[in-house]
Structure formats: structure tokens, C-alpha cells
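Structure file query-v8.cif (mmCIF, C-alpha atoms) is printed below.
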data_protein
#
loop_
_atom_site.label_atom_id
_atom_site.label_comp_id
_atom_site.auth_asym_id
_atom_site.auth_seq_id
_atom_site.Cartn_x
_atom_site.Cartn_y
_atom_site.Cartn_z
CA MET A 1236 90.87 112.07 118.11
CA ASN A 1237 94.56 112.37 118.85
CA VAL A 1238 96.83 112.19 115.79
CA ILE A 1239 100.33 110.93 116.57
CA LYS A 1240 103.05 111.52 113.97
CA THR A 1241 105.52 108.70 113.36
CA GLU A 1242 109.11 108.78 112.14
CA ILE A 1243 107.82 108.56 108.56
CA ASP A 1244 105.97 111.61 107.28
CA GLY A 1245 102.36 110.83 106.38
CA VAL A 1246 102.09 107.62 108.42
CA VAL A 1247 100.10 108.50 111.53
CA ILE A 1248 98.59 106.74 114.52
CA ILE A 1249 95.08 107.82 115.45
CA GLU A 1250 93.83 107.43 118.99
CA PRO A 1251 90.11 108.01 119.44
CA LYS A 1252 88.63 109.66 122.49
CA VAL A 1253 86.78 106.86 124.29
CA PHE A 1254 83.81 107.60 126.53
CA GLY A 1255 83.13 104.79 128.97
CA ASP A 1256 80.87 104.07 131.92
CA GLU A 1257 79.22 101.06 133.57
CA ARG A 1258 77.24 100.39 130.36
CA GLY A 1259 80.32 100.04 128.15
CA TYR A 1260 81.95 102.59 125.88
CA PHE A 1261 81.44 104.80 122.84
CA PHE A 1262 83.93 106.35 120.45
CA GLU A 1263 83.86 107.91 117.01
CA SER A 1264 85.98 105.63 114.81
CA PHE A 1265 85.92 107.90 111.77
CA SER A 1266 84.89 111.42 110.78
CA SER A 1267 85.70 112.54 107.24
CA ALA A 1268 85.84 116.21 108.26
CA ARG A 1269 88.23 115.59 111.17
CA PHE A 1270 90.31 113.18 109.10
CA GLU A 1271 90.71 115.70 106.28
CA GLU A 1272 91.57 118.46 108.75
CA GLU A 1273 94.13 116.48 110.77
CA VAL A 1274 95.51 113.76 108.44
CA CYS A 1275 94.88 114.27 104.72
CA LYS A 1276 92.19 114.76 102.13
CA THR A 1277 91.04 111.45 100.73
CA THR A 1278 87.76 109.63 100.21
CA PHE A 1279 87.46 106.06 101.40
CA VAL A 1280 85.47 103.89 99.00
CA GLN A 1281 85.75 100.36 100.38
CA ASP A 1282 85.71 98.73 103.84
CA ASN A 1283 87.28 95.31 104.39
CA GLU A 1284 87.45 92.89 107.30
CA SER A 1285 89.52 89.79 107.96
CA LYS A 1286 89.58 87.24 110.76
CA SER A 1287 92.85 85.44 111.42
CA SER A 1288 94.43 83.23 114.05
CA TYR A 1289 97.71 83.54 115.94
CA GLY A 1290 100.75 83.67 113.68
CA VAL A 1291 98.90 84.58 110.47
CA LEU A 1292 100.91 87.20 108.62
CA ARG A 1293 99.27 89.07 105.74
CA GLY A 1294 101.55 91.23 103.63
CA LEU A 1295 103.46 93.19 102.69
CA HIS A 1296 100.93 94.27 100.03
CA PHE A 1297 100.24 97.32 97.87
CA GLN A 1298 98.30 98.27 94.73
CA LYS A 1299 100.23 99.63 91.73
CA GLY A 1300 99.90 102.83 89.71
CA LYS A 1301 96.52 104.45 89.45
CA TYR A 1302 95.16 101.70 91.73
CA ALA A 1303 97.38 102.75 94.66
CA GLN A 1304 95.52 102.73 97.97
CA SER A 1305 95.68 104.50 101.28
CA LYS A 1306 94.42 102.42 104.18
CA LEU A 1307 93.03 103.30 107.58
CA VAL A 1308 93.39 100.13 109.65
CA ARG A 1309 92.22 98.99 113.07
CA VAL A 1310 91.58 95.91 115.19
CA VAL A 1311 88.09 95.30 116.59
CA PHE A 1312 89.02 92.07 118.38
CA GLY A 1313 92.43 90.80 119.45
CA LYS A 1314 95.92 92.17 118.83
CA VAL A 1315 98.15 92.59 115.77
CA LEU A 1316 101.45 94.17 114.90
CA ASP A 1317 100.71 96.41 111.94
CA VAL A 1318 103.48 97.55 109.60
CA ALA A 1319 103.82 100.20 106.87
CA VAL A 1320 106.96 100.21 104.66
CA ASP A 1321 107.97 103.21 102.54
CA ILE A 1322 108.49 101.93 98.97
CA ARG A 1323 108.78 105.33 97.25
CA LYS A 1324 112.07 105.64 95.30
CA GLY A 1325 113.81 108.89 96.25
CA SER A 1326 112.08 109.17 99.63
CA PRO A 1327 114.34 110.08 102.56
CA THR A 1328 112.70 107.16 104.41
CA PHE A 1329 112.77 104.64 101.53
CA GLY A 1330 112.87 101.08 102.91
CA LYS A 1331 112.09 102.24 106.44
CA HIS A 1332 109.02 101.05 108.30
CA VAL A 1333 106.62 101.92 111.09
CA ALA A 1334 105.34 99.10 113.31
CA VAL A 1335 102.45 99.66 115.72
CA GLU A 1336 100.48 97.34 118.00
CA LEU A 1337 96.79 97.69 117.30
CA THR A 1338 94.41 96.09 119.79
CA ASP A 1339 90.76 96.02 120.71
CA GLU A 1340 91.82 97.64 124.00
CA ASN A 1341 93.93 100.56 122.75
CA LYS A 1342 91.53 101.20 119.81
CA ARG A 1343 94.37 102.78 117.85
CA GLN A 1344 94.25 103.08 114.09
CA LEU A 1345 97.10 103.42 111.62
CA PHE A 1346 96.89 105.49 108.46
CA VAL A 1347 99.01 104.00 105.66
CA PRO A 1348 99.34 106.45 102.74
CA ARG A 1349 99.66 105.56 99.08
CA GLY A 1350 103.23 104.58 98.20
CA PHE A 1351 103.61 102.16 101.11
CA ALA A 1352 103.50 98.40 101.44
CA HIS A 1353 101.32 97.19 104.31
CA GLY A 1354 101.06 94.05 106.39
CA PHE A 1355 100.21 92.69 109.80
CA VAL A 1356 100.75 89.64 111.98
CA VAL A 1357 98.29 88.34 114.57
CA LEU A 1358 99.68 88.31 118.11
CA SER A 1359 96.52 87.12 119.91
CA GLU A 1360 94.66 83.82 119.61
CA ILE A 1361 92.31 85.43 117.08
CA ALA A 1362 92.08 88.92 115.59
CA VAL A 1363 89.40 90.70 113.61
CA PHE A 1364 91.01 93.38 111.46
CA GLN A 1365 89.15 96.15 109.62
CA TYR A 1366 90.40 98.66 107.11
CA LYS A 1367 89.15 101.41 104.89
CA CYS A 1368 90.65 101.88 101.40
CA ASP A 1369 90.52 105.00 99.27
CA ASN A 1370 90.68 103.07 95.99
CA LEU A 1371 88.93 99.92 94.85
CA TYR A 1372 90.83 96.65 94.87
CA ALA A 1373 92.28 95.70 91.48
CA PRO A 1374 93.65 92.12 91.57
CA GLN A 1375 95.57 92.60 88.32
CA GLU A 1376 97.53 95.46 89.95
CA GLU A 1377 98.61 93.70 93.16
CA GLY A 1378 102.15 94.18 94.32
CA ALA A 1379 104.03 92.91 97.35
CA ILE A 1380 107.41 92.57 98.97
CA ALA A 1381 108.73 89.83 101.23
CA TRP A 1382 107.70 90.04 104.87
CA ASN A 1383 111.14 88.89 106.02
CA ASP A 1384 113.36 91.13 103.88
CA PRO A 1385 116.54 91.55 105.99
CA ALA A 1386 117.20 94.99 104.46
CA ILE A 1387 113.93 96.24 105.97
CA GLY A 1388 114.50 94.40 109.25
CA ILE A 1389 111.00 94.20 110.70
CA ASP A 1390 110.78 92.68 114.17
CA TRP A 1391 107.40 91.00 113.90
CA LYS A 1392 107.35 90.20 117.66
CA ILE A 1393 106.75 86.53 116.89
CA ASP A 1394 108.93 83.48 116.28
CA PRO A 1395 109.30 83.17 112.48
CA SER A 1396 108.79 79.39 112.75
CA VAL A 1397 105.11 79.92 113.71
CA VAL A 1398 104.33 82.48 111.00
CA MET A 1399 101.52 81.30 108.68
CA LEU A 1400 101.53 82.72 105.15
CA SER A 1401 99.33 82.27 102.11
CA GLU A 1402 101.01 80.52 99.19
CA LYS A 1403 101.12 83.86 97.39
CA ASP A 1404 102.78 85.63 100.34
CA LYS A 1405 105.55 83.00 100.44
CA LYS A 1406 106.76 84.07 96.97
CA HIS A 1407 107.21 87.86 97.14
CA PRO A 1408 110.57 89.44 96.24
CA PHE A 1409 112.79 91.46 98.54
CA LEU A 1410 112.46 95.22 98.13
CA ALA A 1411 115.74 95.42 96.16
CA ASP A 1412 114.36 92.88 93.67
CA SER A 1413 110.88 94.37 93.32
CA ASP A 1414 109.74 95.05 89.76
CA TYR A 1415 107.57 97.95 90.91
CA LEU A 1416 108.21 100.88 93.24
CA PHE A 1417 106.51 104.24 93.62
CA ASP A 1418 108.24 107.55 92.84
CA PHE A 1419 108.56 109.90 95.81
CA ASN A 1420 108.21 112.94 93.53
CA GLU A 1421 104.91 111.77 92.01
CA ASN A 1422 101.68 112.98 93.59
CA LEU A 1423 99.84 109.70 94.17
CA TYR A 1424 96.58 111.48 95.05
CA GLU A 1425 95.91 113.08 91.64
#

If you convert what's in this file into C-alpha cells, what do you get?
Amino acid sequence: MNVIKTEIDGVVIIEPKVFGDERGYFFESFSSARFEEEVCKTTFVQDNESKSSYGVLRGLHFQKGKYAQSKLVRVVFGKVLDVAVDIRKGSPTFGKHVAVELTDENKRQLFVPRGFAHGFVVLSEIAVFQYKCDNLYAPQEEGAIAWNDPAIGIDWKIDPSVVMLSEKDKKHPFLADSDYLFDFNENLYE
């Protein structure tokens, strides 16, 4: 796998080595030993999958406190714009984001560390999105920030008038108004 650093330390793009021939293709989508060696030491404990149609935007979500999650995300069908936002107070990249197109063709994955809000929007007719989490989901510890926060300035590559949100995702605060942020100086993996 090829690990590509982004402008935010800890957020990385992973490109697998794909072996293809007339029968199709094969690639290793995850190896704990390689991941630990090249990205970070963590243990994924839950796999999730969602199917969404064009314009569906999910995010920007995170889990609070001891329920914080890292995510390793990928698309198995279709195309999304995937976004990670640094919400760690005191971080030199606080409020900055990384946006990456993940597709079934490029087979890229994005690693979103703890301390980040995460979301994606579907850019194809349909997308099947999979992600690994290194902490179990705790609904009582959900957090989120608004997908359209002008201070963050995400270009979602889609007309905002066609964005489809859940009722819950329509009500999230801007980052400046959030009642919960992570602390850059706290080790979120202990």
C-alpha cells in the first residue's frame, strides 16, 4: 500500500496495490501489521456500511470523550467526496479540513484519526461506503458540526440545493458554537 500524507498530520490517504488481469482484480484492503507500521497503532473493532444516493450528505460526525473513534473509510461502489475536519483545540490545523474523492475505481481509503469530525457526500447515482472504527458506537456520545460552516469552507463539489440531509444533520452547530471539542494536547489513544 502507498500511504500519502495530507496537509493535516495524521490524516492519510491509502492507495492499495491492485493486481489485475483478464479475470478481474485483487488487492489487500487492510493489513493490521502494515497499517500499524505505516499509519498508526490502533485496533479496529467495528465495520459499518451505508448505501446512499446522489446528493446524500452524512456528517460532520464524531464521538465524544472516551468514545472517540478513528475511521478507515472507503467506497466499494460509486463515488463520494470524503472530508475530515480537525476539531482539536490548540491544533495548528484547527478548523482545517482534508477532502478526498473516494471511488470504486481509485480504491483509495482515508484514515480519519480521533479528534476529527467526518462526513461525506455522494457524487455518483449511488454509493456504497464502508468504514472501520476503532471504538464502538455510543449514541449517547454523538457529536457533530454543521456541514456548511462558512468558517470551515468545504467545497462539497455539489450544488447545495440538491444536498439531502437527515433531520438530525440539519440541526448541527457551527464549529465556533460547538459545545464539545477535543484538546490537541490530550492523547486520544490512551

Next on the checklist: When you look at range 1327-1332 of chain A with a cut-off of 12 Å (counting all atoms listed in the file), what residues show up, excluding the ones that are within fewer than 5 positions of it in the same chain? I need them as a PyMOL selection string.
Outcome noted: chain A and resi 1241-1246+1295+1317-1322+1347+1350-1354+1380+1382+1384-1391+1409-1411+1413+1416-1420

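Using all atoms listed in the file, the smallest distance between any of A:Met1236, A:Ala1362, A:Phe1355, A:Gly1290 and Phe1312 in chain A comes from A:Ala1362.
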
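The nearest approach to Lys1342 in chain A among the residues A:Leu1371, A:Val1280, A:Val1315, A:Val1398, with only C-alpha atoms taken into account, belongs to A:Val1315.
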
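When CA of Lys1403 in chain A is paired with CA of Ala1379 in chain A, their separation reads 9.5 Å.
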
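For Phe1265 in chain A, the non-local neighbours within 12 Å, defined as residues at least 6 positions apart in the same chain or in other chains and counting all atoms listed in the file, are Met1236, Ile1249, Glu1250, Pro1251, Lys1252, Glu1271, Glu1273, Val1274, Thr1278, Phe1279, Leu1307, Val1308, Arg1309, Lys1342, Arg1343, Gln1344, Phe1346, Tyr1366 and Lys1367 of chain A.
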
**Prompt:** What residues come out when you apply the PyMOL selection byres ((chain A and resi 1288) around 7) to this file, written as a ChimeraX atom specification?
**Reply:** /A:1287,1289-1291,1357,1360-1362

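For the choices A:Ala1334, A:Val1356, A:Ala1268, A:Cys1275, the atom-to-atom distance to Ile1393 in chain A is smallest for A:Val1356 when using only C-alpha atoms.
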
Restricting to only C-alpha atoms, whichever of A:Phe1297, A:Val1333, A:Glu1340, A:Leu1358 is closest to Met1399 in chain A is A:Leu1358

A straight line from CA of Asn1383 in chain A to CA of Leu1400 in chain A spans 11.5 Å

| message | Suppose a student applies the PyMOL selection byres ((chain A and resi 1373) around 10) to this structure; what residues should they get, written as a list in words? | response |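 Residues picked by the PyMOL selection byres ((chain A and resi 1373) around 10): Gln1298, Lys1299, Lys1301, Tyr1302, Ala1303, Asn1370, Leu1371, Tyr1372, Pro1374, Gln1375, Glu1376 and Glu1377 of chain A.
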
*asked:* Taking only C-alpha atoms into account, name the residue in A:Ala1381, A:Ile1248, A:Tyr1424, A:Pro1395 that is nearest to Asp1412 in chain A.
replied: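 Of A:Ala1381, A:Ile1248, A:Tyr1424, A:Pro1395, the one nearest Asp1412 in chain A is A:Ala1381, counting only C-alpha atoms.
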
Exercise for the section: Quick one: pull the distance between CA of Glu1263 in chain A and CA of Lys1392 in chain A, Å, one decimal. Expected result: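 According to the coordinates, CA of Glu1263 in chain A and CA of Lys1392 in chain A are separated by 29.4 Å.
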
Return the single residue from A:Glu1425, A:Glu1402, A:Asp1339, A:Asp1256 that is closest to Phe1364 in chain A, with distances computed using all atoms listed in the file.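 Selected residue with least distance to Phe1364 in chain A: A:Asp1339.
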
Any chance you could model N, CA and C atoms for range 1370-1389 of chain A and send them as a PDB file, in the frame of the given file?
ATOM      1  N   ASN A1370      90.745 103.467  97.390  1.00  0.00           N
ATOM      2  CA  ASN A1370      90.680 103.070  95.990  1.00  0.00           C
ATOM      3  C   ASN A1370      90.184 101.629  95.963  1.00  0.00           C
ATOM      4  N   LEU A1371      89.452 101.279  94.940  1.00  0.00           N
ATOM      5  CA  LEU A1371      88.930  99.920  94.850  1.00  0.00           C
ATOM      6  C   LEU A1371      90.045  98.921  94.573  1.00  0.00           C
ATOM      7  N   TYR A1372      89.868  97.723  95.058  1.00  0.00           N
ATOM      8  CA  TYR A1372      90.830  96.650  94.870  1.00  0.00           C
ATOM      9  C   TYR A1372      90.879  96.242  93.404  1.00  0.00           C
ATOM     10  N   ALA A1373      92.087  96.120  92.866  1.00  0.00           N
ATOM     11  CA  ALA A1373      92.280  95.700  91.480  1.00  0.00           C
ATOM     12  C   ALA A1373      93.268  94.530  91.486  1.00  0.00           C
ATOM     13  N   PRO A1374      92.767  93.284  91.445  1.00  0.00           N
ATOM     14  CA  PRO A1374      93.650  92.120  91.570  1.00  0.00           C
ATOM     15  C   PRO A1374      94.781  92.086  90.548  1.00  0.00           C
ATOM     16  N   GLN A1375      94.546  92.611  89.362  1.00  0.00           N
ATOM     17  CA  GLN A1375      95.570  92.600  88.320  1.00  0.00           C
ATOM     18  C   GLN A1375      96.706  93.586  88.625  1.00  0.00           C
ATOM     19  N   GLU A1376      96.527  94.456  89.607  1.00  0.00           N
ATOM     20  CA  GLU A1376      97.530  95.460  89.950  1.00  0.00           C
ATOM     21  C   GLU A1376      98.104  95.246  91.357  1.00  0.00           C
ATOM     22  N   GLU A1377      98.025  94.010  91.848  1.00  0.00           N
ATOM     23  CA  GLU A1377      98.610  93.700  93.160  1.00  0.00           C
ATOM     24  C   GLU A1377     100.119  93.756  93.093  1.00  0.00           C
ATOM     25  N   GLY A1378     100.707  94.221  94.155  1.00  0.00           N
ATOM     26  CA  GLY A1378     102.150  94.180  94.320  1.00  0.00           C
ATOM     27  C   GLY A1378     102.447  93.765  95.752  1.00  0.00           C
ATOM     28  N   ALA A1379     103.651  93.303  95.992  1.00  0.00           N
ATOM     29  CA  ALA A1379     104.030  92.910  97.350  1.00  0.00           C
ATOM     30  C   ALA A1379     105.535  92.768  97.447  1.00  0.00           C
ATOM     31  N   ILE A1380     106.011  92.857  98.672  1.00  0.00           N
ATOM     32  CA  ILE A1380     107.410  92.570  98.970  1.00  0.00           C
ATOM     33  C   ILE A1380     107.458  91.562 100.107  1.00  0.00           C
ATOM     34  N   ALA A1381     108.581  90.901 100.239  1.00  0.00           N
ATOM     35  CA  ALA A1381     108.730  89.830 101.230  1.00  0.00           C
ATOM     36  C   ALA A1381     108.641  90.369 102.652  1.00  0.00           C
ATOM     37  N   TRP A1382     107.903  89.656 103.464  1.00  0.00           N
ATOM     38  CA  TRP A1382     107.700  90.040 104.870  1.00  0.00           C
ATOM     39  C   TRP A1382     108.986  89.969 105.678  1.00  0.00           C
ATOM     40  N   ASN A1383     109.918  89.130 105.250  1.00  0.00           N
ATOM     41  CA  ASN A1383     111.140  88.890 106.020  1.00  0.00           C
ATOM     42  C   ASN A1383     112.385  89.451 105.340  1.00  0.00           C
ATOM     43  N   ASP A1384     112.238  90.504 104.564  1.00  0.00           N
ATOM     44  CA  ASP A1384     113.360  91.130 103.880  1.00  0.00           C
ATOM     45  C   ASP A1384     114.350  91.651 104.929  1.00  0.00           C
ATOM     46  N   PRO A1385     115.578  91.121 104.961  1.00  0.00           N
ATOM     47  CA  PRO A1385     116.540  91.550 105.990  1.00  0.00           C
ATOM     48  C   PRO A1385     116.945  93.016 105.851  1.00  0.00           C
ATOM     49  N   ALA A1386     116.852  93.581 104.651  1.00  0.00           N
ATOM     50  CA  ALA A1386     117.200  94.990 104.460  1.00  0.00           C
ATOM     51  C   ALA A1386     116.187  95.906 105.149  1.00  0.00           C
ATOM     52  N   ILE A1387     114.950  95.449 105.273  1.00  0.00           N
ATOM     53  CA  ILE A1387     113.930  96.240 105.970  1.00  0.00           C
ATOM     54  C   ILE A1387     114.015  95.976 107.477  1.00  0.00           C
ATOM     55  N   GLY A1388     114.235  94.736 107.850  1.00  0.00           N
ATOM     56  CA  GLY A1388     114.500  94.400 109.250  1.00  0.00           C
ATOM     57  C   GLY A1388     113.332  94.563 110.201  1.00  0.00           C
ATOM     58  N   ILE A1389     112.176  94.097 109.821  1.00  0.00           N
ATOM     59  CA  ILE A1389     111.000  94.200 110.700  1.00  0.00           C
ATOM     60  C   ILE A1389     111.088  93.149 111.804  1.00  0.00           C
TER      61      ILE A1389
END
